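In what follows, a single structure is set out as structure tokens and then discussed.
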Amino acid sequence: MPAPALPIVLAPEVADALAAGRPVVALESTIVAHGLPRPSNLEVARQAEAAVRAEGAVPATIAVMDGRLRVGLDAGGLVRLATAGGLAKLSRADLGACLAAGGSGATTVAATMIAAAAAGIAVFATGGIGGVHRGAETSFDISADLEELARTPVCVVASGAKAILDLPKTLERLETLGVPVIAVGQDGFPAFWSRESGLPAPLRLDDPVAIAAAFRMRRALGIAGGQLVANPVPAAAALPRREVEAAVDVALAAAAAGGIAGKAVTPFLLDEVRRVTGGRSLAANVALVLDNARLAARIAAAMART
Ligand code: PSU
Ligand code: MN
């Protein structure tokens with residue numbers, strides 16, 4: 001049976017920019033549909049696109065809509081993403097079945113990387129990647145985002161991995177998978193809502209041009225996969241690590257008591273942390289997403305110039 005043509009649809013602006021070699025930044029949709037509460041989610045989706053534009057690049061928010069892999073959404077698409085309840089959360093495992101059935105869903109970091117690579121987009125901004133969950137030694141809960149970084153050639157700009165995770169194990173796993181983890185502007189690996197995790201980052205590059213060059217050299221070597229660019233949350237919105245740890249402990253206890261498992265774990269924990277911090281984790285999350293969008297645009301511009 002021959003493979004069907006991929007039902008991928010690039011927004012005209014995205015297709016034009018790619019054809020002309022102008023910078024494009026992919027943005028994910030799970031953070032909009034599942035990671036942030038309403039109405040902040042729609043605001044953040046719009047602001048992230050505006051932040052990319054302000055740096056001279058074209059944003060391409062990625063999602064599956066009615067059996068089509070959409071790369072670049074119009075205003076109505078963003079509203080649907082942010083307000084349609086019950087959208088699926090699609091990772092590598094789910095994309096094929098959802099598209100074949102004509103379904104709709106938001107794409108995780110892993111699925112967004114797959115779509116970006118298929119469209120020819122090399123740079124992608126998000127909040128924080130998924131990783132090794134705490135207790136993974138018994139639950140085996142490790143995000144598919146990590147394997148994707150080892151396979152798919154996209155430069156992912158994030159504020160590290162979400163601090164609800166086991167960050168030392170996440171870094172170990174990334175090392176095993178051969179994924180470059182590059183801190184920006186500091187030596188330490190950032191911890192999503194906090195600037196420091198207490199762990200050193202394996203690599204540090206402060207200049208978008210150097211980050212773009214490292215990515216291209218990896219490709220020249222024929223090494224599969226992307227790289228994780230770890231950009232710390234802006235200082236003004238950062239939360240102290242001790243406060244985050246206390247909130248994560250409360251959230252983990254609630255998840256265990258509620259028997260939360262599988263895809264529901266990450267959205268549940270993010271929401272609990274928001275509640276426990278009185279919304280301050282949300283402000284930090286918004287600030288870091290927008291800053292990552294700006295940095296991604298600068299990296300995309302550096303790639304477009306070389
Ligand atoms: N970044 C955020 N909020 C989020 C996510 C990232 O600031 O909600 C999403 C991403 O889509 C990531 C997913 O891929 O959480 C990880 O989910 P899981 O742990 O189930 O793999
Ligand atoms: Mn999981």
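We name chains A, B, ... following the order of the structure tokens; residues begin at 1 in each chain, and ligands are numbered from 1 as shown.
Surrounding range 162-173 of chain A within 6 Å are A:Gly128, A:Gly131, A:Val132, A:His133, A:Arg134, A:Ala191, A:Phe192, A:Val248, with only C-alpha atoms counted and residues fewer than 4 positions along the same chain left out.
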key: Contacts to ligand 1 at 9 Å cut-off (only C-alpha atoms and all ligand atoms) as a VMD selection string   = chain A and resid 28 to 36 89 to 91 106 to 112 126 to 133 141 to 146 158 to 159 161 to 162 165 192 262 to 267 270 285 to 286 288 to 289
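For Val58 in chain A, the non-local neighbours within 7 Å, defined as residues at least 5 positions apart in the same chain or in other chains and counting only C-alpha atoms, are Val14, Pro23, Val24, Val25, Val52 and Arg53 of chain A.
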Residue list (alpha helix (DSSP H), DSSP) for range 7-245 of chain A, as a ChimeraX atom specification = /A:12-20,30,40-54,75-83,92-100,109-119,136-139,144-151,167-176,208-220,241-245
Using C-alpha atoms, can you write the selected residues to a file as an mmCIF file, in the first residue's frame?
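Contents of the output file selection_26.cif:
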```cif
data_model
loop_
_atom_site.group_PDB
_atom_site.id
_atom_site.type_symbol
_atom_site.label_atom_id
_atom_site.label_comp_id
_atom_site.auth_asym_id
_atom_site.auth_seq_id
_atom_site.Cartn_x
_atom_site.Cartn_y
_atom_site.Cartn_z
ATOM 1 C CA PRO A 12 0.546 31.402 2.907
ATOM 2 C CA GLU A 13 2.763 33.740 4.909
ATOM 3 C CA VAL A 14 4.778 30.790 6.243
ATOM 4 C CA ALA A 15 5.139 29.198 2.803
ATOM 5 C CA ASP A 16 6.287 32.519 1.320
ATOM 6 C CA ALA A 17 8.864 33.108 4.045
ATOM 7 C CA LEU A 18 10.282 29.589 3.728
ATOM 8 C CA ALA A 19 10.461 29.840 -0.061
ATOM 9 C CA ALA A 20 12.322 33.146 0.227
ATOM 10 C CA THR A 30 -0.415 21.931 23.658
ATOM 11 C CA SER A 40 -4.398 33.711 29.447
ATOM 12 C CA ASN A 41 -3.842 30.915 26.939
ATOM 13 C CA LEU A 42 -5.247 32.853 23.973
ATOM 14 C CA GLU A 43 -3.439 36.010 25.024
ATOM 15 C CA VAL A 44 -0.140 34.131 25.269
ATOM 16 C CA ALA A 45 -0.693 32.459 21.887
ATOM 17 C CA ARG A 46 -1.193 35.865 20.297
ATOM 18 C CA GLN A 47 1.628 37.535 22.210
ATOM 19 C CA ALA A 48 4.088 34.762 21.308
ATOM 20 C CA GLU A 49 3.291 35.297 17.625
ATOM 21 C CA ALA A 50 3.699 39.064 18.074
ATOM 22 C CA ALA A 51 7.046 38.560 19.839
ATOM 23 C CA VAL A 52 8.328 36.510 16.903
ATOM 24 C CA ARG A 53 7.167 39.190 14.466
ATOM 25 C CA ALA A 54 8.736 41.989 16.495
ATOM 26 C CA ALA A 75 -6.785 34.285 14.048
ATOM 27 C CA GLY A 76 -9.788 31.935 14.092
ATOM 28 C CA GLY A 77 -7.518 28.905 14.417
ATOM 29 C CA LEU A 78 -5.857 30.364 17.507
ATOM 30 C CA VAL A 79 -9.258 31.076 19.077
ATOM 31 C CA ARG A 80 -10.400 27.527 18.384
ATOM 32 C CA LEU A 81 -7.240 26.116 19.900
ATOM 33 C CA ALA A 82 -7.649 28.191 23.049
ATOM 34 C CA THR A 83 -11.385 27.786 23.549
ATOM 35 C CA ARG A 92 4.542 11.272 18.104
ATOM 36 C CA ALA A 93 2.407 8.230 18.889
ATOM 37 C CA ASP A 94 -0.899 9.959 18.171
ATOM 38 C CA LEU A 95 -0.305 12.043 15.033
ATOM 39 C CA GLY A 96 -0.882 9.364 12.399
ATOM 40 C CA ALA A 97 -4.141 8.039 13.827
ATOM 41 C CA CYS A 98 -5.549 11.531 14.441
ATOM 42 C CA LEU A 99 -4.749 12.780 10.921
ATOM 43 C CA ALA A 100 -6.045 9.593 9.269
ATOM 44 C CA VAL A 109 6.864 19.515 21.715
ATOM 45 C CA ALA A 110 7.547 16.141 20.073
ATOM 46 C CA ALA A 111 4.684 16.392 17.574
ATOM 47 C CA THR A 112 5.422 20.055 16.830
ATOM 48 C CA MET A 113 9.039 19.145 16.039
ATOM 49 C CA ILE A 114 7.842 16.483 13.593
ATOM 50 C CA ALA A 115 5.536 18.971 11.856
ATOM 51 C CA ALA A 116 8.148 21.738 11.808
ATOM 52 C CA ALA A 117 10.726 19.427 10.242
ATOM 53 C CA ALA A 118 8.184 18.287 7.652
ATOM 54 C CA ALA A 119 7.525 21.922 6.737
ATOM 55 C CA ALA A 136 10.044 7.472 36.802
ATOM 56 C CA GLU A 137 12.055 4.587 38.262
ATOM 57 C CA THR A 138 8.686 3.010 39.110
ATOM 58 C CA SER A 139 6.205 4.789 36.775
ATOM 59 C CA ALA A 144 8.449 11.482 24.225
ATOM 60 C CA ASP A 145 9.932 14.986 23.826
ATOM 61 C CA LEU A 146 13.367 13.631 24.789
ATOM 62 C CA GLU A 147 13.506 10.920 22.115
ATOM 63 C CA GLU A 148 12.234 13.427 19.580
ATOM 64 C CA LEU A 149 15.125 15.775 20.301
ATOM 65 C CA ALA A 150 17.433 12.864 19.514
ATOM 66 C CA ARG A 151 15.754 12.171 16.184
ATOM 67 C CA LEU A 167 15.771 17.542 36.314
ATOM 68 C CA PRO A 168 18.966 15.550 37.068
ATOM 69 C CA LYS A 169 17.468 12.446 35.436
ATOM 70 C CA THR A 170 16.203 14.533 32.511
ATOM 71 C CA LEU A 171 19.725 15.854 31.879
ATOM 72 C CA GLU A 172 21.182 12.332 32.153
ATOM 73 C CA ARG A 173 18.692 11.049 29.622
ATOM 74 C CA LEU A 174 19.447 13.905 27.212
ATOM 75 C CA GLU A 175 23.142 13.144 27.525
ATOM 76 C CA THR A 176 22.563 9.463 26.759
ATOM 77 C CA PRO A 208 22.234 33.335 18.551
ATOM 78 C CA VAL A 209 24.774 33.195 15.714
ATOM 79 C CA ALA A 210 26.855 30.626 17.624
ATOM 80 C CA ILE A 211 23.727 28.596 18.437
ATOM 81 C CA ALA A 212 22.750 28.551 14.749
ATOM 82 C CA ALA A 213 26.304 27.583 13.757
ATOM 83 C CA ALA A 214 26.379 24.666 16.224
ATOM 84 C CA PHE A 215 23.094 23.371 14.834
ATOM 85 C CA ARG A 216 24.308 23.559 11.251
ATOM 86 C CA MET A 217 27.620 21.879 12.076
ATOM 87 C CA ARG A 218 25.776 19.007 13.717
ATOM 88 C CA ARG A 219 23.831 18.547 10.517
ATOM 89 C CA ALA A 220 27.054 18.696 8.505
ATOM 90 C CA ARG A 241 13.525 27.715 43.615
ATOM 91 C CA ARG A 242 12.553 26.909 47.203
ATOM 92 C CA GLU A 243 9.042 28.235 46.676
ATOM 93 C CA VAL A 244 8.690 26.172 43.488
ATOM 94 C CA GLU A 245 9.915 23.003 45.193
#
```
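Those residues in range 122-279 of chain A carrying a DSSP assignment of strand (DSSP E or B), computed from the backbone, are Val123, Phe124, Ala125, Ile129, Val132, His133, Ile142, Cys155, Val156, Val157, Ala158, Ala161, Leu165, Val181, Ile182, Ala183, Gly188, Ala191, Ser194, Pro200, Leu203, Arg204, Gln227, Leu228, Val229 and Ala230 of chain A.
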inquiry  = Applying 7 Å and only C-alpha atoms, which residues near Ala201 in chain A remain after dropping the ones on its own chain fewer than 4 positions away? List them as a ChimeraX atom specification.
reply    = /A:181-183,187-189
How about saving the chosen residues, all heavy atoms kept, as a PDB file, in the first residue's frame?
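out23.pdb, written as the output of this step:
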```
ATOM      1  N   VAL A 181      22.571  20.233  25.089  1.00  0.00           N
ATOM      2  CA  VAL A 181      21.784  21.091  25.976  1.00  0.00           C
ATOM      3  C   VAL A 181      22.609  22.348  26.205  1.00  0.00           C
ATOM      4  O   VAL A 181      23.663  22.307  26.825  1.00  0.00           O
ATOM      5  CB  VAL A 181      21.465  20.386  27.309  1.00  0.00           C
ATOM      6  CG1 VAL A 181      20.718  21.319  28.248  1.00  0.00           C
ATOM      7  CG2 VAL A 181      20.650  19.109  27.055  1.00  0.00           C
ATOM      8  N   ILE A 182      22.122  23.457  25.668  1.00  0.00           N
ATOM      9  CA  ILE A 182      22.902  24.695  25.593  1.00  0.00           C
ATOM     10  C   ILE A 182      22.243  25.774  26.446  1.00  0.00           C
ATOM     11  O   ILE A 182      21.154  26.259  26.108  1.00  0.00           O
ATOM     12  CB  ILE A 182      22.972  25.184  24.127  1.00  0.00           C
ATOM     13  CG1 ILE A 182      23.580  24.095  23.227  1.00  0.00           C
ATOM     14  CG2 ILE A 182      23.741  26.497  24.035  1.00  0.00           C
ATOM     15  CD1 ILE A 182      23.372  24.346  21.736  1.00  0.00           C
ATOM     16  N   ALA A 183      22.882  26.146  27.547  1.00  0.00           N
ATOM     17  CA  ALA A 183      22.361  27.249  28.355  1.00  0.00           C
ATOM     18  C   ALA A 183      22.744  28.571  27.695  1.00  0.00           C
ATOM     19  O   ALA A 183      23.779  28.679  27.043  1.00  0.00           O
ATOM     20  CB  ALA A 183      22.923  27.195  29.769  1.00  0.00           C
ATOM     21  N   ASP A 187      25.844  29.686  33.200  1.00  0.00           N
ATOM     22  CA  ASP A 187      26.429  28.341  33.131  1.00  0.00           C
ATOM     23  C   ASP A 187      25.435  27.263  33.569  1.00  0.00           C
ATOM     24  O   ASP A 187      25.572  26.095  33.212  1.00  0.00           O
ATOM     25  CB  ASP A 187      27.667  28.257  34.034  1.00  0.00           C
ATOM     26  CG  ASP A 187      28.786  29.175  33.537  1.00  0.00           C
ATOM     27  OD1 ASP A 187      28.877  29.388  32.309  1.00  0.00           O
ATOM     28  OD2 ASP A 187      29.548  29.682  34.384  1.00  0.00           O
ATOM     29  N   GLY A 188      24.439  27.654  34.398  1.00  0.00           N
ATOM     30  CA  GLY A 188      23.538  26.661  34.980  1.00  0.00           C
ATOM     31  C   GLY A 188      22.374  26.319  34.060  1.00  0.00           C
ATOM     32  O   GLY A 188      21.949  27.131  33.225  1.00  0.00           O
ATOM     33  N   PHE A 189      21.853  25.107  34.253  1.00  0.00           N
ATOM     34  CA  PHE A 189      20.655  24.680  33.547  1.00  0.00           C
ATOM     35  C   PHE A 189      19.457  25.328  34.238  1.00  0.00           C
ATOM     36  O   PHE A 189      19.274  25.179  35.450  1.00  0.00           O
ATOM     37  CB  PHE A 189      20.558  23.147  33.614  1.00  0.00           C
ATOM     38  CG  PHE A 189      19.408  22.551  32.842  1.00  0.00           C
ATOM     39  CD1 PHE A 189      19.296  22.736  31.472  1.00  0.00           C
ATOM     40  CD2 PHE A 189      18.452  21.783  33.492  1.00  0.00           C
ATOM     41  CE1 PHE A 189      18.239  22.178  30.754  1.00  0.00           C
ATOM     42  CE2 PHE A 189      17.395  21.209  32.785  1.00  0.00           C
ATOM     43  CZ  PHE A 189      17.292  21.412  31.412  1.00  0.00           C
TER      44      PHE A 189
END
```
